[in-house]
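The file run.txt comes next; it holds compact mmCIF, C-alpha atoms.
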```txt
# COMPACT_ATOMS: atom_id res chain seq x y z
CA MET Y 1 -142.35 239.04 222.94
CA PHE Y 2 -138.84 239.71 223.87
CA SER Y 3 -136.97 237.08 225.75
CA THR Y 4 -134.71 238.05 228.63
CA GLU Y 5 -132.53 235.04 228.11
CA ARG Y 6 -129.09 235.82 226.97
CA ILE Y 7 -127.80 233.80 224.10
CA THR Y 8 -124.08 232.94 224.19
CA LEU Y 9 -122.32 231.94 221.07
CA ARG Y 10 -119.21 230.81 222.88
CA ASN Y 11 -118.11 227.22 222.78
CA LYS Y 12 -117.26 226.17 226.33
CA GLU Y 13 -114.70 223.56 225.24
CA GLY Y 14 -112.31 225.76 223.16
CA ILE Y 15 -110.46 229.06 223.26
CA THR Y 16 -110.86 232.04 221.05
CA LEU Y 17 -108.29 233.42 218.66
CA ILE Y 18 -107.80 236.52 220.84
CA GLU Y 19 -107.08 234.39 223.92
CA LEU Y 20 -104.58 232.36 221.90
CA LEU Y 21 -102.80 235.50 220.63
CA ILE Y 22 -102.64 237.05 224.12
CA THR Y 23 -101.22 233.85 225.63
CA THR Y 24 -98.64 233.47 222.86
CA THR Y 25 -97.55 237.11 223.23
CA LEU Y 26 -97.20 236.81 227.02
CA ILE Y 27 -95.15 233.62 226.75
CA SER Y 28 -92.90 235.27 224.14
CA LEU Y 29 -92.36 238.36 226.32
CA ILE Y 30 -91.59 236.29 229.42
CA SER Y 31 -89.18 234.05 227.46
CA PHE Y 32 -87.41 237.10 225.99
CA ALA Y 33 -87.08 238.69 229.45
CA ILE Y 34 -85.59 235.46 230.86
CA TYR Y 35 -83.17 235.24 227.92
CA LEU Y 36 -82.04 238.85 228.42
CA SER Y 37 -81.49 238.27 232.14
CA ILE Y 38 -79.38 235.17 231.56
CA SER Y 39 -77.46 236.78 228.70
CA ASN Y 40 -76.66 239.93 230.68
CA GLY Y 41 -75.72 237.87 233.73
CA ALA Y 42 -73.26 235.84 231.63
CA LYS Y 43 -71.73 239.04 230.21
CA VAL Y 44 -71.32 240.54 233.69
CA TRP Y 45 -69.79 237.31 235.02
CA LYS Y 46 -67.34 237.16 232.09
CA ARG Y 47 -66.32 240.80 232.56
CA VAL Y 48 -65.83 240.41 236.33
CA ARG Y 49 -63.78 237.26 235.80
CA MET Y 50 -61.61 239.00 233.19
CA GLU Y 51 -61.02 241.97 235.51
CA THR Y 52 -60.08 239.58 238.33
CA GLU Y 53 -57.44 237.89 236.17
CA LEU Y 54 -56.03 241.28 235.13
CA GLU Y 55 -55.96 242.37 238.78
CA GLU Y 56 -53.98 239.22 239.64
CA LEU Y 57 -51.57 240.08 236.82
CA TYR Y 58 -51.10 243.61 238.18
CA ILE Y 59 -50.49 242.19 241.67
CA ILE Y 60 -47.75 239.92 240.28
CA PHE Y 61 -46.22 242.93 238.47
CA HIS Y 62 -46.23 244.88 241.74
CA LYS Y 63 -44.67 241.99 243.68
CA PHE Y 64 -41.97 241.56 241.04
CA ARG Y 65 -41.12 245.26 241.20
CA THR Y 66 -41.07 245.21 245.02
CA ASP Y 67 -38.94 242.05 245.14
CA LEU Y 68 -36.36 243.52 242.75
CA LYS Y 69 -36.31 246.86 244.56
CA ASN Y 70 -35.56 244.98 247.82
CA THR Y 71 -32.81 242.76 246.41
CA PHE Y 72 -29.32 242.90 247.92
CA TYR Y 73 -25.95 241.15 247.80
CA PHE Y 74 -26.00 237.91 249.74
CA ARG Y 75 -23.13 235.48 249.24
CA ASP Y 76 -25.18 232.28 249.64
CA ILE Y 77 -28.02 233.36 247.33
CA PRO Y 78 -26.68 234.56 243.96
CA PHE Y 79 -28.68 236.48 241.36
CA SER Y 80 -29.42 234.13 238.46
CA GLY Y 81 -31.44 234.76 235.35
CA GLU Y 82 -32.51 232.88 232.26
CA SER Y 83 -34.95 233.80 229.52
CA GLU Y 84 -37.92 232.16 231.32
CA ARG Y 85 -36.67 232.05 234.92
CA ILE Y 86 -35.18 234.47 237.43
CA GLU Y 87 -34.12 234.01 241.06
CA PHE Y 88 -32.53 236.45 243.47
CA PRO Y 89 -32.18 237.29 247.17
CA THR Y 90 -34.79 239.54 248.73
CA LEU Y 91 -36.89 239.87 251.86
CA VAL Y 92 -39.56 237.19 252.19
CA TYR Y 93 -42.09 236.22 254.83
CA SER Y 94 -40.95 233.20 256.85
CA PRO Y 95 -43.79 231.01 258.15
CA HIS Y 96 -41.34 229.46 260.64
CA LEU Y 97 -40.17 232.77 262.13
CA LYS Y 98 -43.49 234.55 261.55
CA LYS Y 99 -41.74 237.64 260.15
CA ARG Y 100 -39.88 238.94 257.09
CA THR Y 101 -36.37 237.61 256.72
CA VAL Y 102 -33.62 236.97 254.17
CA GLY Y 103 -34.69 234.60 251.46
CA LYS Y 104 -34.93 233.92 247.76
CA VAL Y 105 -37.73 234.49 245.31
CA VAL Y 106 -38.08 232.61 242.01
CA TYR Y 107 -40.26 233.59 239.06
CA PHE Y 108 -40.56 231.04 236.27
CA TYR Y 109 -42.73 230.16 233.29
CA ASP Y 110 -44.33 226.71 233.14
CA LYS Y 111 -44.93 225.97 229.44
CA ASN Y 112 -47.01 222.85 230.10
CA ASN Y 113 -49.54 224.63 232.33
CA LYS Y 114 -49.12 228.00 230.59
CA SER Y 115 -48.60 229.68 233.93
CA LEU Y 116 -46.33 232.17 235.65
CA ASN Y 117 -45.21 230.88 239.03
CA ARG Y 118 -43.69 232.74 241.96
CA GLU Y 119 -41.98 230.82 244.76
CA GLU Y 120 -40.56 232.16 248.02
CA PHE Y 121 -37.90 230.41 250.07
CA ASP Y 122 -36.75 231.68 253.44
CA PHE Y 123 -33.11 231.06 254.35
CA SER Y 124 -33.87 227.95 256.44
CA GLU Y 125 -35.76 226.37 253.51
CA ILE Y 126 -32.80 227.09 251.22
CA TYR Y 127 -30.27 225.75 253.75
CA CYS Y 128 -32.26 222.56 254.42
CA GLY Y 129 -33.16 222.04 250.75
CA GLN Y 130 -36.88 222.14 251.48
CA LYS Y 131 -39.61 222.94 249.01
CA SER Y 132 -41.08 226.40 248.98
CA SER Y 133 -43.80 227.09 251.50
CA SER Y 134 -45.27 229.76 249.25
CA LEU Y 135 -46.31 229.30 245.62
CA GLN Y 136 -48.42 231.69 243.59
CA THR Y 137 -49.60 230.84 240.11
CA LEU Y 138 -51.05 232.99 237.36
CA LYS Y 139 -52.76 231.04 234.56
CA ASN Y 140 -53.41 231.88 230.89
CA ILE Y 141 -49.85 233.02 230.18
CA VAL Y 142 -48.99 232.48 226.51
CA SER Y 143 -45.32 233.48 226.76
CA LEU Y 144 -42.86 235.04 229.19
CA SER Y 145 -39.30 236.25 228.71
CA PHE Y 146 -36.80 238.03 230.94
CA GLN Y 147 -33.97 240.25 229.71
CA TYR Y 148 -31.09 241.74 231.67
CA TYR Y 149 -29.65 245.22 231.12
CA PHE Y 150 -25.93 245.76 231.67
CA TYR Y 151 -22.97 247.94 230.78
CA ASP Y 152 -20.29 246.29 228.66
CA ARG Y 153 -16.91 247.85 229.51
CA ASP Y 154 -15.23 246.44 226.40
CA LYS Y 155 -17.81 247.82 223.97
CA LYS Y 156 -18.48 250.87 226.15
CA GLY Y 157 -22.23 250.62 225.82
CA TYR Y 158 -25.44 249.39 227.41
CA PHE Y 159 -27.03 246.18 226.14
CA TRP Y 160 -29.77 243.64 226.88
CA LYS Y 161 -29.09 239.93 227.12
CA ASP Y 162 -31.25 236.85 227.72
CA GLU Y 163 -29.25 235.19 230.51
CA TRP Y 164 -27.45 236.44 233.60
CA GLU Y 165 -24.78 234.69 235.65
CA GLY Y 166 -22.14 236.03 237.97
CA GLN Y 167 -21.67 237.85 241.23
CA ASP Y 168 -22.88 241.22 240.02
CA PHE Y 169 -26.45 242.24 239.42
CA PRO Y 170 -27.76 243.61 236.13
CA LEU Y 171 -28.69 247.30 236.05
CA ALA Y 172 -32.31 246.45 235.26
CA VAL Y 173 -34.58 243.55 234.40
CA ARG Y 174 -37.27 243.65 231.74
CA TRP Y 175 -39.96 241.06 231.37
CA GLU Y 176 -42.39 240.68 228.52
CA LEU Y 177 -45.49 238.70 229.20
CA GLU Y 178 -48.29 237.67 226.84
CA PHE Y 179 -51.58 237.05 228.63
CA SER Y 180 -54.71 235.48 227.13
CA ASP Y 181 -58.25 236.24 228.24
CA GLY Y 182 -59.89 235.33 224.98
CA GLU Y 183 -57.57 237.66 223.12
CA ASN Y 184 -53.82 237.93 223.62
CA LYS Y 185 -52.47 241.01 225.40
CA LYS Y 186 -48.79 241.88 225.78
CA PHE Y 187 -47.37 243.53 228.88
CA THR Y 188 -43.83 244.79 229.37
CA GLN Y 189 -42.27 245.98 232.60
CA THR Y 190 -38.73 247.22 233.18
CA VAL Y 191 -37.47 247.45 236.75
CA ASP Y 192 -34.18 249.08 237.66
CA ILE Y 193 -32.22 247.57 240.53
CA PRO Y 194 -31.40 250.26 243.12
CA ILE Y 195 -28.22 248.63 244.45
CA MET Y 196 -26.70 248.98 240.96
CA GLN Y 197 -27.37 252.73 240.70
```

Same coordinates, now as structure tokens:
Amino acid sequence: MFSTERITLRNKEGITLIELLITTTLISLISFAIYLSISNGAKVWKRVRMETELEELYIIFHKFRTDLKNTFYFRDIPFSGESERIEFPTLVYSPHLKKRTVGKVVYFYDKNNKSLNREEFDFSEIYCGQKSSSLQTLKNIVSLSFQYYFYDRDKKGYFWKDEWEGQDFPLAVRWELEFSDGENKKFTQTVDIPIMQ
């Protein structure tokens, strides 16, 4: 009468439509999850890198301010300034003496490499004409300009100029820097020189 044999209608060599849809959906979900992970990782990396470059810029700003605040009259190291270069006496770390000593610091813009460079020379390096033992570089600088604030006795007023020569120091130094991290950002810093106050 009734047979206890079970009849299967399934073909053992193929897959069903439901199995195909489930597999396709799982592969799509896994691929999307991998894409999101890589995409978010790239965004985080880009943001961290950008913040690192800005931190380096702020460190250079701080060093510039500190160097100018510590400047002093020194006969053998005059204060000299151009629109893209400035050098003046200050306290620097001497690798030879292993301590801070009298020296010169130079900030200059390298147009070819689009970088801001900072060099330190201790007095022995200046005297012997040696190269700087300390060079710091900040990349991605689009432009840099220095200006020097002074009092003109003839005109009886305060003015900015692009170059500075002479025995005296300017009252203040302003630098404008354009930095690129995908988009250009301008920074301006004005530092007064305490010995001129």

Legend entry - Contact residues around range 88-99 of chain Y with only C-alpha atoms at 10 Å, ignoring same-chain residues under 2 positions, as a ChimeraX atom specification: /Y:66-81,86,101-107,120-125,133-134,169

Legend entry - Separation of CA of Val142 in chain Y from CA of Ile193 in chain Y, in Å and rounded to one decimal: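 Interatomic distance, CA of Val142 in chain Y to CA of Ile193 in chain Y: 26.6 Å.
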
Rows by chain and residue number, range 168-190 of chain Y within 12 Å of range 49-58 of chain Y, shortest pair, only C-alpha atoms, as a tab-separated table:
```
residue	atom	partner	partner_atom	distance
Y:Leu177	CA	Y:Leu57	CA	9.8
Y:Glu178	CA	Y:Leu57	CA	10.8
Y:Phe179	CA	Y:Leu57	CA	8.7
Y:Ser180	CA	Y:Glu53	CA	9.7
Y:Asp181	CA	Y:Met50	CA	6.6
Y:Gly182	CA	Y:Met50	CA	9.2
Y:Glu183	CA	Y:Met50	CA	10.9
Y:Lys185	CA	Y:Leu54	CA	10.4
Y:Lys186	CA	Y:Leu57	CA	11.5
Y:Phe187	CA	Y:Leu57	CA	9.6
Y:Thr188	CA	Y:Tyr58	CA	11.5
Y:Gln189	CA	Y:Tyr58	CA	10.7
```

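For the pair CA of Glu165 in chain Y and CA of Glu119 in chain Y, the interatomic distance is 19.8 Å.
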
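Comparing the minimum interatomic distances between Glu176 in chain Y and each of Y:Ser115, Y:Asn40, Y:Ser28, Y:Ser83, counting all atoms listed in the file, we find that Y:Ser83 sits nearest.
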
Legend entry - Shell around Asn117 in chain Y at 9 Å using all atoms listed in the file, local window under 6 positions removed, as a list in words: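 Listed by chain and then number, they are Val106, Tyr107, Phe108, Tyr109, Asp110, Leu135, Gln136, Thr137, Leu138 and Lys139 of chain Y.
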
Find the axis-aligned box for range 99-110 of chain Y, covering all its listed atoms and adding 6 Å on each side, and write its centre and edge lengths in Å to one decimal as lines of an AutoDock Vina configuration file.
```
center_x = -39.0
center_y = 232.8
center_z = 246.6
size_x = 22.7
size_y = 24.2
size_z = 39.0
```

Legend entry - Minimum-distance residue to Ile59 in chain Y, chosen among Y:Ile22, Y:Arg118, Y:Ser143, Y:Gly14 (using only C-alpha atoms):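 Among the listed residues, the smallest separation from Ile59 in chain Y belongs to Y:Arg118.
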
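When all atoms listed in the file are used to measure the gap to Phe159 in chain Y, the shortest distance among Y:Ile141, Y:Cys128, Y:Leu20, Y:Ala172 belongs to Y:Ala172.
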